[in-house]
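Source file: protein-v3.pdb; contents: PDB, C-alpha atoms.
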```
ATOM      1  CA  MET A   1      25.997 -30.421   0.717
ATOM      2  CA  SER A   2      29.148 -32.241  -0.312
ATOM      3  CA  LEU A   3      29.929 -30.008  -3.325
ATOM      4  CA  THR A   4      29.964 -26.763  -1.280
ATOM      5  CA  VAL A   5      33.438 -25.187  -1.203
ATOM      6  CA  VAL A   6      32.674 -22.563   1.437
ATOM      7  CA  LYS A   7      30.323 -23.651   4.213
ATOM      8  CA  GLY A   8      27.762 -21.423   5.935
ATOM      9  CA  LEU A   9      27.128 -18.978   3.050
ATOM     10  CA  GLN A  10      23.951 -16.963   3.403
ATOM     11  CA  SER A  11      21.828 -15.096   0.870
ATOM     12  CA  GLU A  12      22.513 -11.390   0.544
ATOM     13  CA  ILE A  13      18.855 -10.890  -0.288
ATOM     14  CA  PHE A  14      16.757  -9.760   2.660
ATOM     15  CA  VAL A  15      14.194 -12.457   3.368
ATOM     16  CA  PRO A  16      11.469 -11.238   5.724
ATOM     17  CA  ILE A  17      10.085 -13.732   8.187
ATOM     18  CA  THR A  18       6.341 -14.205   8.513
ATOM     19  CA  PRO A  19       5.375 -14.369  12.190
ATOM     20  CA  PRO A  20       3.833 -17.568  13.616
ATOM     21  CA  PRO A  21       0.078 -17.978  13.065
ATOM     22  CA  VAL A  22      -2.510 -16.534  15.467
ATOM     23  CA  TRP A  23      -6.040 -17.850  15.559
ATOM     24  CA  ALA A  24      -9.166 -17.135  17.589
ATOM     25  CA  PRO A  25     -11.962 -19.523  16.599
ATOM     26  CA  VAL A  26     -15.380 -18.228  15.590
ATOM     27  CA  THR A  27     -17.851 -19.629  18.109
ATOM     28  CA  LYS A  28     -21.217 -18.178  17.119
ATOM     29  CA  PRO A  29     -23.171 -17.373  13.952
ATOM     30  CA  LEU A  30     -22.936 -13.905  12.391
ATOM     31  CA  ASN A  31     -26.479 -12.941  13.371
ATOM     32  CA  GLU A  32     -25.486 -13.287  17.034
ATOM     33  CA  MET A  33     -22.273 -11.276  16.699
ATOM     34  CA  ILE A  34     -21.459  -7.703  17.686
ATOM     35  CA  ILE A  35     -18.908  -6.548  15.111
ATOM     36  CA  GLY A  36     -16.206  -4.002  15.914
ATOM     37  CA  LEU A  37     -14.501  -1.950  13.225
ATOM     38  CA  ALA A  38     -10.832  -0.994  13.228
ATOM     39  CA  THR A  39      -9.093   0.812  10.406
ATOM     40  CA  ALA A  40      -5.454   1.654   9.810
ATOM     41  CA  ALA A  41      -6.565   4.408   7.423
ATOM     42  CA  GLY A  42      -6.177   7.260   9.922
ATOM     43  CA  VAL A  43      -9.911   7.865  10.495
ATOM     44  CA  HIS A  44     -10.869  10.095  13.443
ATOM     45  CA  ARG A  45     -13.419  12.695  14.532
ATOM     46  CA  LYS A  46     -12.849  16.169  13.113
ATOM     47  CA  ASP A  47     -12.693  17.605  16.623
ATOM     48  CA  ASP A  48     -10.151  14.987  17.728
ATOM     49  CA  LYS A  49      -6.370  15.263  17.514
ATOM     50  CA  LYS A  50      -4.971  14.678  14.036
ATOM     51  CA  PHE A  51      -2.386  11.962  13.465
ATOM     52  CA  ASN A  52       1.219  12.976  12.931
ATOM     53  CA  LEU A  53       1.563  12.230   9.202
ATOM     54  CA  ALA A  54       5.248  11.341   9.574
ATOM     55  CA  GLY A  55       4.390   8.392  11.854
ATOM     56  CA  ASP A  56       2.022   8.026  14.776
ATOM     57  CA  PHE A  57       1.443   5.014  17.004
ATOM     58  CA  GLY A  58      -1.616   6.530  18.698
ATOM     59  CA  TRP A  59      -5.238   5.567  18.112
ATOM     60  CA  ARG A  60      -8.600   7.338  18.227
ATOM     61  CA  GLN A  61     -12.023   6.204  19.357
ATOM     62  CA  VAL A  62     -14.657   6.577  16.644
ATOM     63  CA  ASP A  63     -18.245   5.971  17.763
ATOM     64  CA  SER A  64     -20.711   4.293  15.446
ATOM     65  CA  ASP A  65     -23.326   7.008  16.080
ATOM     66  CA  SER A  66     -20.998   9.628  14.511
ATOM     67  CA  LYS A  67     -22.188  11.426  11.422
ATOM     68  CA  PRO A  68     -19.996  10.879   8.328
ATOM     69  CA  GLU A  69     -19.493  14.635   8.001
ATOM     70  CA  ASP A  70     -18.014  14.727  11.515
ATOM     71  CA  LEU A  71     -15.281  12.241  10.583
ATOM     72  CA  MET A  72     -12.087  12.780   8.622
ATOM     73  CA  VAL A  73      -8.801  11.149   7.724
ATOM     74  CA  SER A  74      -5.266  12.183   8.512
ATOM     75  CA  HIS A  75      -2.798   9.722   7.037
ATOM     76  CA  GLY A  76       0.414  10.412   5.154
ATOM     77  CA  GLY A  77       0.721   7.067   3.427
ATOM     78  CA  TYR A  78      -1.979   6.721   0.759
ATOM     79  CA  ASP A  79      -4.117   8.795  -1.580
ATOM     80  CA  ASN A  80      -6.956  10.151   0.563
ATOM     81  CA  SER A  81      -9.178  11.374  -2.300
ATOM     82  CA  ASP A  82     -11.670   8.486  -2.228
ATOM     83  CA  VAL A  83     -11.981   8.362   1.531
ATOM     84  CA  ASN A  84     -12.402  12.149   1.643
ATOM     85  CA  LYS A  85     -15.405  11.746  -0.661
ATOM     86  CA  ASP A  86     -16.876   8.903   1.393
ATOM     87  CA  ILE A  87     -15.494   7.803   4.762
ATOM     88  CA  ASN A  88     -17.129   4.390   4.217
ATOM     89  CA  CYS A  89     -14.417   3.560   1.657
ATOM     90  CA  MET A  90     -12.137   2.737   4.577
ATOM     91  CA  PHE A  91     -14.489   2.911   7.557
ATOM     92  CA  PRO A  92     -17.663   1.175   6.295
ATOM     93  CA  TYR A  93     -19.594   1.724   9.522
ATOM     94  CA  GLU A  94     -22.771   2.839   7.772
ATOM     95  CA  ARG A  95     -22.781  -0.383   5.742
ATOM     96  CA  LEU A  96     -22.297  -2.446   8.924
ATOM     97  CA  LYS A  97     -25.175  -0.603  10.609
ATOM     98  CA  GLU A  98     -27.392  -1.453   7.620
ATOM     99  CA  LEU A  99     -26.330  -5.120   7.848
ATOM    100  CA  ALA A 100     -27.240  -5.026  11.535
ATOM    101  CA  ALA A 101     -30.637  -3.473  10.744
ATOM    102  CA  GLU A 102     -31.446  -6.302   8.342
ATOM    103  CA  GLY A 103     -30.358  -8.896  10.935
ATOM    104  CA  PHE A 104     -27.285 -10.209   9.075
ATOM    105  CA  ILE A 105     -25.205  -9.349  12.151
ATOM    106  CA  LYS A 106     -26.481  -8.653  15.661
ATOM    107  CA  GLY A 107     -24.986  -5.207  15.910
ATOM    108  CA  VAL A 108     -22.059  -2.851  15.465
ATOM    109  CA  ALA A 109     -19.794  -1.981  18.383
ATOM    110  CA  THR A 110     -20.659   1.398  19.927
ATOM    111  CA  HIS A 111     -17.009   2.404  20.018
ATOM    112  CA  ASN A 112     -14.664   1.659  17.152
ATOM    113  CA  VAL A 113     -11.047   2.444  16.343
ATOM    114  CA  GLY A 114      -8.998   4.453  13.889
ATOM    115  CA  PHE A 115      -5.217   4.479  13.796
ATOM    116  CA  MET A 116      -2.530   5.342  11.262
ATOM    117  CA  GLY A 117      -0.915   2.246   9.821
ATOM    118  CA  GLY A 118       1.759   1.849   7.214
ATOM    119  CA  GLY A 119       4.793   2.572   9.336
ATOM    120  CA  GLY A 120       5.727   4.476  12.463
ATOM    121  CA  ASN A 121       7.128   2.924  15.585
ATOM    122  CA  ILE A 122       6.393  -0.761  14.995
ATOM    123  CA  GLN A 123       7.696  -1.717  18.446
ATOM    124  CA  LYS A 124       5.188   0.653  20.078
ATOM    125  CA  PHE A 125       2.401  -0.650  17.823
ATOM    126  CA  THR A 126       3.211  -4.244  18.737
ATOM    127  CA  ASP A 127       3.813  -3.730  22.460
ATOM    128  CA  GLU A 128       1.354  -0.950  23.342
ATOM    129  CA  THR A 129      -1.156   0.164  20.697
ATOM    130  CA  GLY A 130      -2.189  -3.337  19.555
ATOM    131  CA  PRO A 131      -2.821  -4.718  23.042
ATOM    132  CA  ALA A 132      -4.634  -1.468  24.057
ATOM    133  CA  ILE A 133      -7.027  -1.690  21.098
ATOM    134  CA  ALA A 134      -7.566  -5.409  21.672
ATOM    135  CA  LYS A 135      -8.459  -4.687  25.320
ATOM    136  CA  PHE A 136     -10.767  -1.850  24.229
ATOM    137  CA  PHE A 137     -12.792  -4.271  22.070
ATOM    138  CA  LYS A 138     -12.675  -7.066  24.653
ATOM    139  CA  GLU A 139     -14.099  -4.798  27.375
ATOM    140  CA  GLN A 140     -17.004  -3.875  25.105
ATOM    141  CA  GLY A 141     -17.822  -7.552  24.591
ATOM    142  CA  VAL A 142     -17.213  -7.402  20.840
ATOM    143  CA  ASP A 143     -17.503 -10.824  19.171
ATOM    144  CA  ALA A 144     -15.398 -10.163  16.059
ATOM    145  CA  VAL A 145     -13.515  -7.279  14.464
ATOM    146  CA  LEU A 146     -13.577  -6.229  10.819
ATOM    147  CA  MET A 147     -10.484  -4.332   9.723
ATOM    148  CA  THR A 148      -9.397  -2.318   6.722
ATOM    149  CA  ALA A 149      -5.692  -1.871   6.067
ATOM    150  CA  GLY A 150      -2.942  -2.963   3.688
TER     151      GLY A 150
ATOM    152  CA  MET B   1      -2.956  -4.890  15.075
ATOM    153  CA  GLN B   2      -5.096  -7.683  13.684
ATOM    154  CA  ARG B   3      -2.806 -10.180  15.382
ATOM    155  CA  ALA B   4      -3.050  -8.345  18.709
ATOM    156  CA  ILE B   5      -6.862  -8.453  18.644
ATOM    157  CA  GLU B   6      -6.890 -12.071  17.492
ATOM    158  CA  SER B   7      -4.440 -13.114  20.188
ATOM    159  CA  ILE B   8      -6.737 -12.105  23.041
ATOM    160  CA  GLY B   9      -9.465 -14.310  21.630
ATOM    161  CA  ILE B  10     -11.464 -12.051  19.295
ATOM    162  CA  PRO B  11     -11.642 -13.406  15.724
ATOM    163  CA  THR B  12     -10.772 -10.841  13.047
ATOM    164  CA  ILE B  13     -10.817 -10.427   9.296
ATOM    165  CA  ILE B  14      -9.152  -7.729   7.226
ATOM    166  CA  ILE B  15     -10.167  -6.200   3.884
ATOM    167  CA  ALA B  16      -6.842  -5.753   2.100
ATOM    168  CA  ALA B  17      -5.976  -3.838  -1.042
ATOM    169  CA  LEU B  18      -2.435  -5.221  -0.862
ATOM    170  CA  PRO B  19      -2.736  -8.959  -0.128
ATOM    171  CA  PRO B  20       1.035  -9.669  -0.184
ATOM    172  CA  VAL B  21       1.526  -7.109   2.582
ATOM    173  CA  VAL B  22      -1.044  -8.645   4.914
ATOM    174  CA  ARG B  23       0.307 -12.126   4.132
ATOM    175  CA  GLN B  24       3.784 -10.980   5.126
ATOM    176  CA  ALA B  25       2.449  -9.363   8.294
ATOM    177  CA  GLY B  26       0.932 -12.709   9.352
ATOM    178  CA  THR B  27      -2.794 -12.075   8.919
ATOM    179  CA  PRO B  28      -5.060 -14.801  10.333
ATOM    180  CA  ARG B  29      -7.925 -14.072   7.871
ATOM    181  CA  ALA B  30      -8.145 -11.696   4.930
ATOM    182  CA  VAL B  31     -10.182 -10.911   1.849
ATOM    183  CA  ALA B  32      -8.930  -9.054  -1.202
ATOM    184  CA  PRO B  33     -11.317  -7.251  -3.529
ATOM    185  CA  LEU B  34      -9.662  -5.584  -6.552
ATOM    186  CA  VAL B  35      -9.487  -2.105  -5.076
ATOM    187  CA  PRO B  36      -6.835   0.574  -4.651
ATOM    188  CA  MET B  37      -5.367   1.341  -1.241
ATOM    189  CA  GLY B  38      -7.740   3.959   0.180
ATOM    190  CA  ALA B  39     -10.980   2.361  -1.004
ATOM    191  CA  ASN B  40     -10.613  -1.099   0.538
ATOM    192  CA  ALA B  41     -14.347  -1.359   1.263
ATOM    193  CA  GLY B  42     -15.322  -0.264  -2.253
ATOM    194  CA  ALA B  43     -15.811   2.775  -4.435
ATOM    195  CA  PRO B  44     -16.987   6.042  -2.834
ATOM    196  CA  HIS B  45     -20.786   6.261  -2.535
ATOM    197  CA  ASP B  46     -21.174   2.855  -4.196
ATOM    198  CA  ILE B  47     -23.413   1.487  -1.477
ATOM    199  CA  GLU B  48     -24.109  -1.725  -3.378
ATOM    200  CA  MET B  49     -20.416  -2.577  -3.741
ATOM    201  CA  GLN B  50     -19.562  -1.560  -0.171
ATOM    202  CA  THR B  51     -22.404  -3.639   1.251
ATOM    203  CA  ALA B  52     -21.433  -6.664  -0.836
ATOM    204  CA  ILE B  53     -17.791  -6.399   0.218
ATOM    205  CA  CYS B  54     -18.727  -6.075   3.917
ATOM    206  CA  ARG B  55     -21.248  -8.917   3.720
ATOM    207  CA  GLU B  56     -18.902 -11.341   1.956
ATOM    208  CA  THR B  57     -16.019 -10.377   4.227
ATOM    209  CA  LEU B  58     -18.095 -11.254   7.286
ATOM    210  CA  GLN B  59     -19.163 -14.533   5.643
ATOM    211  CA  GLN B  60     -15.480 -15.412   5.205
ATOM    212  CA  LEU B  61     -15.033 -14.859   8.934
ATOM    213  CA  GLU B  62     -17.087 -18.045   9.354
ATOM    214  CA  GLU B  63     -15.797 -19.902   6.313
ATOM    215  CA  ILE B  64     -12.012 -19.526   6.535
ATOM    216  CA  GLU B  65     -10.764 -22.573   8.406
ATOM    217  CA  SER B  66      -7.032 -22.037   8.715
ATOM    218  CA  PRO B  67      -4.823 -19.053   9.579
ATOM    219  CA  GLY B  68      -3.148 -17.127   6.770
ATOM    220  CA  LYS B  69      -5.889 -17.626   4.194
ATOM    221  CA  ILE B  70      -6.604 -14.719   1.819
ATOM    222  CA  VAL B  71      -9.825 -15.007  -0.183
ATOM    223  CA  PRO B  72     -10.231 -12.902  -3.350
ATOM    224  CA  LEU B  73     -13.555 -11.063  -3.621
ATOM    225  CA  PRO B  74     -15.121 -10.502  -7.064
ATOM    226  CA  TYR B  75     -15.423  -6.705  -6.895
ATOM    227  CA  GLU B  76     -13.323  -4.288  -8.869
ATOM    228  CA  TYR B  77     -12.849  -0.538  -8.634
ATOM    229  CA  HIS B  78     -10.265   1.605 -10.385
ATOM    230  CA  ALA B  79      -9.745   5.031  -8.851
ATOM    231  CA  MET B  80      -9.688   7.796 -11.463
ATOM    232  CA  ILE B  81      -6.963   9.940  -9.980
TER     233      ILE B  81
END
```
Would it be possible to restate this file's structure as structure tokens?
Amino acid sequence: MSLTVVKGLQSEIFVPITPPPVWAPVTKPLNEMIIGLATAAGVHRKDDKKFNLAGDFGWRQVDSDSKPEDLMVSHGGYDNSDVNKDINCMFPYERLKELAAEGFIKGVATHNVGFMGGGGNIQKFTDETGPAIAKFFKEQGVDAVLMTAG
Amino acid sequence: MQRAIESIGIPTIIIAALPPVVRQAGTPRAVAPLVPMGANAGAPHDIEMQTAICRETLQQLEEIESPGKIVPLPYEYHAMI
């Protein structure tokens, strides 16, 4: 710009960069799809290891035949009161099983995933946890994944 | 996480309470009911709302045609905390 006195000035305001798009096309109708469920809400079995509330890049397997009373949440980043009353608030696996029973979807994945989002070691999440969970669903032959987070 | 699953060829959709956050994180597909963080799939024990949110979220899996789209869902829940 010809009127600029000092060239190369940059904004002092931090401007985050949105990553490039990712896209996996949907190739079959819902009633032929096995749906996996992954939540960042810190859902896990009560007899499983709790998440470290200060930040945890691990993940837990949560099976769809679990009883709601055998599941719990450990997450340091949001108000847990609703999800403590009803795990389906963040992990709506009972609703998905009902949708499968009525034929809206073909089925719910046998093994699903809980992890603790909202911070932690983002590098580990990106390089290790994310690909591990993706592989976990791929090996089960899951057709699509429903997530709750953010 | 959503991007990791999507990038190995499994389509995904996320139910977000904070749509600007998932937009910033580069979500491929998202829906946003009017819910607080912690009840993304609807109010506790409100089976009707939870079912509707899940059903319409899955429908958007088929309907969203381009990455980054966030579709509002017409369900509202205010947590009394």
Practice item. Can you work out which one of B:Ala79, B:Val35, B:Ile13, B:Ile5 has the shortest atom-to-atom distance to Gln59 in chain B, counting all atoms listed in the file? Key: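 Between B:Ala79, B:Val35, B:Ile13, B:Ile5, the residue approaching Gln59 in chain B most closely is B:Ile13.
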Practice item. Determine the nearest neighbour of chain B from the options A:Ala101, A:Trp23, A:Ser74, A:Gly118, counting all atoms listed in the file. Key: A:Trp23
Check your understanding: Quick one: distance from CA of Glu98 in chain A to CA of Thr51 in chain B in Å, one decimal?
Key ->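 Spanning CA of Glu98 in chain A to CA of Thr51 in chain B is a straight-line distance of 8.4 Å.
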**Study point:** Chain and number of each residue from the PyMOL selection byres ((chain B) within 7 of (chain A)), as JSON, numbers by chain
**Key:** {"B": [1, 3, 4, 5, 6, 7, 8, 9, 10, 11, 12, 13, 14, 15, 16, 17, 18, 21, 22, 24, 25, 26, 28, 37, 38, 39, 40, 41, 42, 43, 44, 45, 50, 51, 62, 67]}
At a cut-off of 6 Å around the point (-10.0, 7.6, 10.2) (file coordinates), what residues fall inside when counting only C-alpha atoms? I'd like the answer as a PDB file with C-alpha atoms, in the coordinates of the input.
```pdb
ATOM      1  CA  ALA A  41      -6.565   4.408   7.423  1.00  0.00           C
ATOM      2  CA  GLY A  42      -6.177   7.260   9.922  1.00  0.00           C
ATOM      3  CA  VAL A  43      -9.911   7.865  10.495  1.00  0.00           C
ATOM      4  CA  HIS A  44     -10.869  10.095  13.443  1.00  0.00           C
ATOM      5  CA  MET A  72     -12.087  12.780   8.622  1.00  0.00           C
ATOM      6  CA  VAL A  73      -8.801  11.149   7.724  1.00  0.00           C
ATOM      7  CA  GLY A 114      -8.998   4.453  13.889  1.00  0.00           C
TER       8      GLY A 114
END
```
